[in-house]
Each structure stands twice: as structure tokens, then as C-alpha cells.
Amino acid sequence: MLLQISTLLIAHVYVVAAWKTYTVPHTDGQDDTPGLLAALDNYTTDSTILFKKGVKYNIFTPITFPVLNNVEIRFEGNLSYPTDIPAIQAIVGSPSCRAFLVTGTTSSHPVSQTAELTDIARFSFKGGNNVTLRGTTDPNWGWIDAHGQAWWNTRNQLNRPHGFAFSKINGGVIRDMKLWKPIAWNFGTAGSNNIHAFNNRIFALSENPDKAFPFNT
């Protein structure tokens with residue numbers, strides 16, 4: 001009996017130890033995407049990828065995640081997209097993104113599951129199982145700032161970046177996410193199954209309502 005209990009305890013310790021956490025590094029004034037991309041291949045299974053509370057990250061270039069299994073991405077710090085509109089439009093207008101647009105993305109034409117999403121979304125997923133996007137209930141942290149106000153003020157609809165292409169995920173959770181003034185669509189789940197989304201907040205109130213107009217007209 002004692003041997004059986006010891007075996008169970010050892011197994012339990014092994015499972016706990018097998019889970020890994022990667023805290024995304026940050027350098028003031030620099031793009032934090034390369035640091036994350038350099039480490040991603042080591043955290044594709046049984047892992048937490050953490051944007052740390054108290055840190056203001058710069059996501060200046062898009063992030064494409066490899067296939068993930070049992071991975072949670074935690075947004076506890078604040079994230080900022082770039083503010084250079086022409087530079088963003090150049091990325092979204094790249095050849096891979098144009099291929100995506102040709103396949104159709106309107107409400108009446110579903111997105112092709114083979115379309116390239118890397119450039120049109122800030123965060124893109126190639127697929128996976130049991131993947132979680134988790135924000136925080138802290139009112140001051142966990143915000144993702146897209147700086148959409150500048151786009152709204154100029155009524156600019158050309159080559160707008162989307163937020164998350166949560167594609168080809170089997171069994172996923174999107175919870176407690178907080179998006180501040182997004183430029184275009186927020187969460188796309190094309191080709192995904194069994195996705196649970198709850199307690200997410202999207203703040204899209206314009207400071208200049210006289211300049212606001214529906215983007216889909």
C-alpha cells in the first residue's frame with residue numbers, strides 16, 4: 001500500500017513539473033515580438049505564455065503561433081500595437097495578405113480555411129487543441145491597445161489589421177480579454193470547434209463621435 005501511494009505522489013510531481021511557463025521579455029521602445037517568436041518552439045505543449053502584469057509590451061509586428069496543445073496565453077500586462085498607419089497598411093497589404101483577401105472575408109462569404117492570416121491579424125494561430133486566451137479582471141492591466149482612434153478620425157478603412165485569428169483550434173477558451181479601440185475585427189474563429197468565449201470587454205467608444213461612421217457601409 002505504501003509503495004502504491006509513493007508511486008502516485010511521484011507521478012503527481014512529474015505532471016506538475018512538466019508544465020512550463022515562459023514570460024515574454026520586454027525592452028523599452030523596442031518591438032517585443034521577436035523575443036517571443038524566438039522562444040515559441042519550446043512552449044508549444046503544456047505551457048503558459050505570460051505577458052507579465054506591470055509591463056507595457058510593444059507588439060509592433062504580427063505574431064503567428066505554431067500548432068499548440070494544452071497552452072494558455074495570459075495577457076496580464078498591457079500590450080500596444082504600432083501607431084504608424086502607413087507602415088501597418090503596408091504589412092496588411094503584403095502579397096500573403098492579399099491572397100487572404102481574394103478568398104473572401106465578408107459576412108456573407110466565410111473565410112477560406114486555407115487562407116493566409118499572418119499579416120492581417122496581430123495574433124494568428126495555425127491550429128491546436130485546448131488553447132486558452134486569458135486576460136485579467138484587473139481594471140488597469142491586461143488591455144490590448146490598437147490605437148483605433150487615429151483610424152476612425154481619418155475614416156481610414158484601407159488595409160486595416162484584425163485582432164486575433166483564433167483558427168483551427170479544437171477546444172479553446174477566450175476569457176477576460178480587454179481590447180481598447182480596435183481597428184477592425186477582434187476575434188476570428190474560422191475552422192475552430194468547441195470554443196468558449198466569455199467575460200470579454202471591447203471598448204470602442206470614439207472621442208470624436210461626429211467623425212464616427214459605420215465601417216461596413
# chains A, B, ... in the order shown; residues from 1 in each chain; ligands from 1
>>> closest_atom_pairs(of="segment 42-70 of chain A", to="segment 78-82 of chain A", cutoff="6 Å", atoms="only C-alpha atoms", output="tab-separated table")
residue	atom	partner	partner_atom	distance
A:Lys56	CA	A:Asn78	CA	4.8
A:Tyr57	CA	A:Leu79	CA	4.7
A:Asn58	CA	A:Ser80	CA	5.1
A:Ile59	CA	A:Tyr81	CA	5.1
A:Phe60	CA	A:Pro82	CA	5.0
>>> write_last_selection(atoms="C-alpha atoms", output="PDB file, in the first residue's frame")
ATOM      1  CA  LYS A  56       3.744  47.564 -21.200  1.00  0.00           C
ATOM      2  CA  TYR A  57       4.610  45.443 -24.219  1.00  0.00           C
ATOM      3  CA  ASN A  58       5.109  46.615 -27.804  1.00  0.00           C
ATOM      4  CA  ILE A  59       3.602  44.298 -30.412  1.00  0.00           C
ATOM      5  CA  PHE A  60       4.831  46.155 -33.479  1.00  0.00           C
TER       6      PHE A  60
END
>>> residues_around(residues="segment 42-45 of chain A", least_positions_apart="6", cutoff="9 Å", atoms="only C-alpha atoms", output="NGL selection string")
:A and (19-22 or 65-71)
>>> write_last_selection(atoms="all heavy atoms", output="short mmCIF file (atom, residue, chain, number, x, y, z; two decimals), in the first residue's frame")
data_model
loop_
_atom_site.label_atom_id
_atom_site.label_comp_id
_atom_site.auth_asym_id
_atom_site.auth_seq_id
_atom_site.Cartn_x
_atom_site.Cartn_y
_atom_site.Cartn_z
N TRP A 19 4.76 21.06 -16.65
CA TRP A 19 4.16 22.29 -17.16
C TRP A 19 5.20 23.41 -17.13
O TRP A 19 5.89 23.61 -16.12
CB TRP A 19 2.94 22.68 -16.33
CG TRP A 19 2.12 23.74 -16.99
CD1 TRP A 19 2.29 25.09 -16.89
CD2 TRP A 19 1.04 23.53 -17.89
NE1 TRP A 19 1.37 25.75 -17.68
CE2 TRP A 19 0.59 24.82 -18.31
CE3 TRP A 19 0.40 22.40 -18.40
CZ2 TRP A 19 -0.48 24.98 -19.18
CZ3 TRP A 19 -0.66 22.57 -19.26
CH2 TRP A 19 -1.08 23.85 -19.66
N LYS A 20 5.32 24.16 -18.24
CA LYS A 20 6.34 25.20 -18.35
C LYS A 20 5.68 26.57 -18.47
O LYS A 20 4.57 26.69 -19.01
CB LYS A 20 7.21 24.95 -19.58
CG LYS A 20 7.96 23.62 -19.56
CD LYS A 20 8.72 23.40 -20.84
CE LYS A 20 7.77 23.18 -22.03
NZ LYS A 20 8.49 22.85 -23.28
N THR A 21 6.36 27.59 -18.01
CA THR A 21 5.89 28.97 -18.15
C THR A 21 6.98 29.81 -18.78
O THR A 21 8.14 29.78 -18.33
CB THR A 21 5.50 29.58 -16.78
OG1 THR A 21 4.41 28.84 -16.23
CG2 THR A 21 5.08 31.04 -16.95
N TYR A 22 6.60 30.55 -19.80
CA TYR A 22 7.54 31.46 -20.47
C TYR A 22 7.02 32.89 -20.31
O TYR A 22 5.92 33.21 -20.75
CB TYR A 22 7.67 31.13 -21.95
CG TYR A 22 8.53 32.11 -22.72
CD1 TYR A 22 9.90 32.15 -22.50
CD2 TYR A 22 7.97 32.99 -23.65
CE1 TYR A 22 10.70 33.05 -23.19
CE2 TYR A 22 8.76 33.89 -24.33
CZ TYR A 22 10.13 33.92 -24.10
OH TYR A 22 10.92 34.81 -24.78
N PHE A 65 1.47 31.94 -34.12
CA PHE A 65 1.80 30.84 -33.23
C PHE A 65 1.84 29.53 -34.00
O PHE A 65 1.02 29.30 -34.90
CB PHE A 65 0.75 30.73 -32.12
CG PHE A 65 0.79 31.87 -31.13
CD1 PHE A 65 0.03 33.00 -31.34
CD2 PHE A 65 1.60 31.80 -30.01
CE1 PHE A 65 0.05 34.05 -30.44
CE2 PHE A 65 1.64 32.85 -29.10
CZ PHE A 65 0.87 33.99 -29.33
N PRO A 66 2.76 28.63 -33.66
CA PRO A 66 2.74 27.29 -34.26
C PRO A 66 1.56 26.50 -33.69
O PRO A 66 0.79 27.01 -32.88
CB PRO A 66 4.08 26.70 -33.80
CG PRO A 66 4.38 27.42 -32.52
CD PRO A 66 3.84 28.82 -32.69
N VAL A 67 1.41 25.28 -34.12
CA VAL A 67 0.36 24.42 -33.58
C VAL A 67 0.60 24.23 -32.08
O VAL A 67 1.71 23.88 -31.65
CB VAL A 67 0.32 23.07 -34.30
CG1 VAL A 67 -0.68 22.13 -33.64
CG2 VAL A 67 -0.03 23.27 -35.77
N LEU A 68 -0.43 24.47 -31.28
CA LEU A 68 -0.31 24.41 -29.83
C LEU A 68 -1.20 23.32 -29.24
O LEU A 68 -2.30 23.08 -29.73
CB LEU A 68 -0.71 25.76 -29.22
CG LEU A 68 0.02 27.00 -29.73
CD1 LEU A 68 -0.58 28.25 -29.11
CD2 LEU A 68 1.52 26.91 -29.43
N ASN A 69 -0.73 22.71 -28.18
CA ASN A 69 -1.52 21.70 -27.47
C ASN A 69 -1.40 21.94 -25.96
O ASN A 69 -0.30 21.95 -25.41
CB ASN A 69 -1.02 20.29 -27.80
CG ASN A 69 -1.35 19.90 -29.24
OD1 ASN A 69 -2.49 19.60 -29.56
ND2 ASN A 69 -0.34 19.92 -30.10
N ASN A 70 -2.56 22.18 -25.32
CA ASN A 70 -2.60 22.46 -23.88
C ASN A 70 -1.73 23.68 -23.55
O ASN A 70 -0.79 23.59 -22.75
CB ASN A 70 -2.15 21.25 -23.06
CG ASN A 70 -3.01 20.02 -23.30
OD1 ASN A 70 -4.22 20.12 -23.47
ND2 ASN A 70 -2.37 18.87 -23.35
N VAL A 71 -2.06 24.78 -24.17
CA VAL A 71 -1.29 26.02 -23.96
C VAL A 71 -2.23 27.15 -23.57
O VAL A 71 -3.31 27.31 -24.17
CB VAL A 71 -0.49 26.41 -25.22
CG1 VAL A 71 0.14 27.79 -25.06
CG2 VAL A 71 0.60 25.37 -25.50
#
>>> residues_around(residues="Thr64 of chain A", least_positions_apart="5", cutoff="8 Å", atoms="only C-alpha atoms", output="list in words")
Thr118, Phe123, Ser124, Phe125 and Lys126 of chain A
>>> residues_around(residues="Asn186 of chain A", least_positions_apart="2", cutoff="9 Å", atoms="only C-alpha atoms", output="list of chain:residue names")
A:Ala121, A:His162, A:Gly163, A:Phe164, A:Ala165, A:Leu179, A:Pro182, A:Ile183, A:Ala184, A:Gly188, A:Ile202
>>> write_last_selection(atoms="N, CA and C atoms", output="PDB file, in the first residue's frame")
ATOM      1  N   ALA A 121      -3.854  39.797 -39.196  1.00  0.00           N
ATOM      2  CA  ALA A 121      -4.154  39.770 -37.771  1.00  0.00           C
ATOM      3  C   ALA A 121      -2.879  39.967 -36.966  1.00  0.00           C
ATOM      4  N   HIS A 162      -6.680  43.076 -38.272  1.00  0.00           N
ATOM      5  CA  HIS A 162      -7.615  42.458 -37.342  1.00  0.00           C
ATOM      6  C   HIS A 162      -6.883  42.149 -36.032  1.00  0.00           C
ATOM      7  N   GLY A 163      -7.620  41.637 -35.063  1.00  0.00           N
ATOM      8  CA  GLY A 163      -7.026  41.332 -33.765  1.00  0.00           C
ATOM      9  C   GLY A 163      -6.472  39.919 -33.689  1.00  0.00           C
ATOM     10  N   PHE A 164      -7.355  38.924 -33.482  1.00  0.00           N
ATOM     11  CA  PHE A 164      -6.938  37.543 -33.279  1.00  0.00           C
ATOM     12  C   PHE A 164      -7.568  36.632 -34.328  1.00  0.00           C
ATOM     13  N   ALA A 165      -6.749  35.901 -35.043  1.00  0.00           N
ATOM     14  CA  ALA A 165      -7.224  34.840 -35.926  1.00  0.00           C
ATOM     15  C   ALA A 165      -7.039  33.522 -35.169  1.00  0.00           C
ATOM     16  N   LEU A 179      -9.994  44.657 -24.959  1.00  0.00           N
ATOM     17  CA  LEU A 179      -9.477  45.296 -26.160  1.00  0.00           C
ATOM     18  C   LEU A 179      -9.851  46.772 -26.161  1.00  0.00           C
ATOM     19  N   PRO A 182     -10.174  48.882 -30.951  1.00  0.00           N
ATOM     20  CA  PRO A 182      -9.685  48.042 -32.047  1.00  0.00           C
ATOM     21  C   PRO A 182      -9.918  48.698 -33.395  1.00  0.00           C
ATOM     22  N   ILE A 183      -9.093  48.353 -34.350  1.00  0.00           N
ATOM     23  CA  ILE A 183      -9.168  48.959 -35.680  1.00  0.00           C
ATOM     24  C   ILE A 183     -10.171  48.222 -36.557  1.00  0.00           C
ATOM     25  N   ALA A 184     -10.179  46.910 -36.461  1.00  0.00           N
ATOM     26  CA  ALA A 184     -11.071  46.106 -37.311  1.00  0.00           C
ATOM     27  C   ALA A 184     -11.646  44.971 -36.470  1.00  0.00           C
ATOM     28  N   GLY A 188     -11.490  36.146 -34.777  1.00  0.00           N
ATOM     29  CA  GLY A 188     -11.965  35.283 -35.857  1.00  0.00           C
ATOM     30  C   GLY A 188     -11.703  33.834 -35.473  1.00  0.00           C
ATOM     31  N   ILE A 202     -14.724  44.875 -24.971  1.00  0.00           N
ATOM     32  CA  ILE A 202     -14.204  45.619 -26.113  1.00  0.00           C
ATOM     33  C   ILE A 202     -14.661  47.062 -25.981  1.00  0.00           C
TER      34      ILE A 202
END
>>> closest_residue(among="A:Pro161, A:Gly135, A:Gly77, A:Gly148", to="Thr23 of chain A", atoms="only C-alpha atoms")
A:Gly77
>>> atom_distance(atom1="atom CA of Val92 of chain A", atom2="atom CA of Phe187 of chain A")
16.6 Å
>>> residues_around(residues="Asn170 of chain A", least_positions_apart="3", cutoff="10 Å", atoms="only C-alpha atoms", output="short mmCIF file (atom, residue, chain, number, x, y, z; two decimals) with C-alpha atoms, in the first residue's frame")
data_model
loop_
_atom_site.label_atom_id
_atom_site.label_comp_id
_atom_site.auth_asym_id
_atom_site.auth_seq_id
_atom_site.Cartn_x
_atom_site.Cartn_y
_atom_site.Cartn_z
CA ASN A 69 -1.52 21.70 -27.47
CA GLY A 127 -4.10 25.24 -35.08
CA GLY A 128 -4.08 23.21 -31.92
CA ASN A 129 -6.01 21.62 -29.08
CA ASN A 130 -7.04 23.06 -25.72
CA VAL A 131 -5.74 26.57 -26.28
CA SER A 167 -8.12 29.48 -36.31
CA VAL A 173 -11.30 29.38 -24.34
CA GLY A 191 -12.18 26.37 -38.72
CA SER A 192 -12.28 26.12 -34.92
CA ASN A 193 -14.53 23.88 -32.82
CA ASN A 194 -15.83 23.92 -29.26
CA ILE A 195 -14.73 27.48 -28.45
#
>>> atom_distance(atom1="atom CA of Asp138 of chain A", atom2="atom CA of Lys178 of chain A")
10.0 Å
>>> atom_distance(atom1="atom CA of Asp46 of chain A", atom2="atom CA of Val24 of chain A")
16.4 Å
>>> select_by_dssp(residues="segment 26-55 of chain A", states="alpha helix (DSSP H)", output="PyMOL selection string")
chain A and resi 33-39
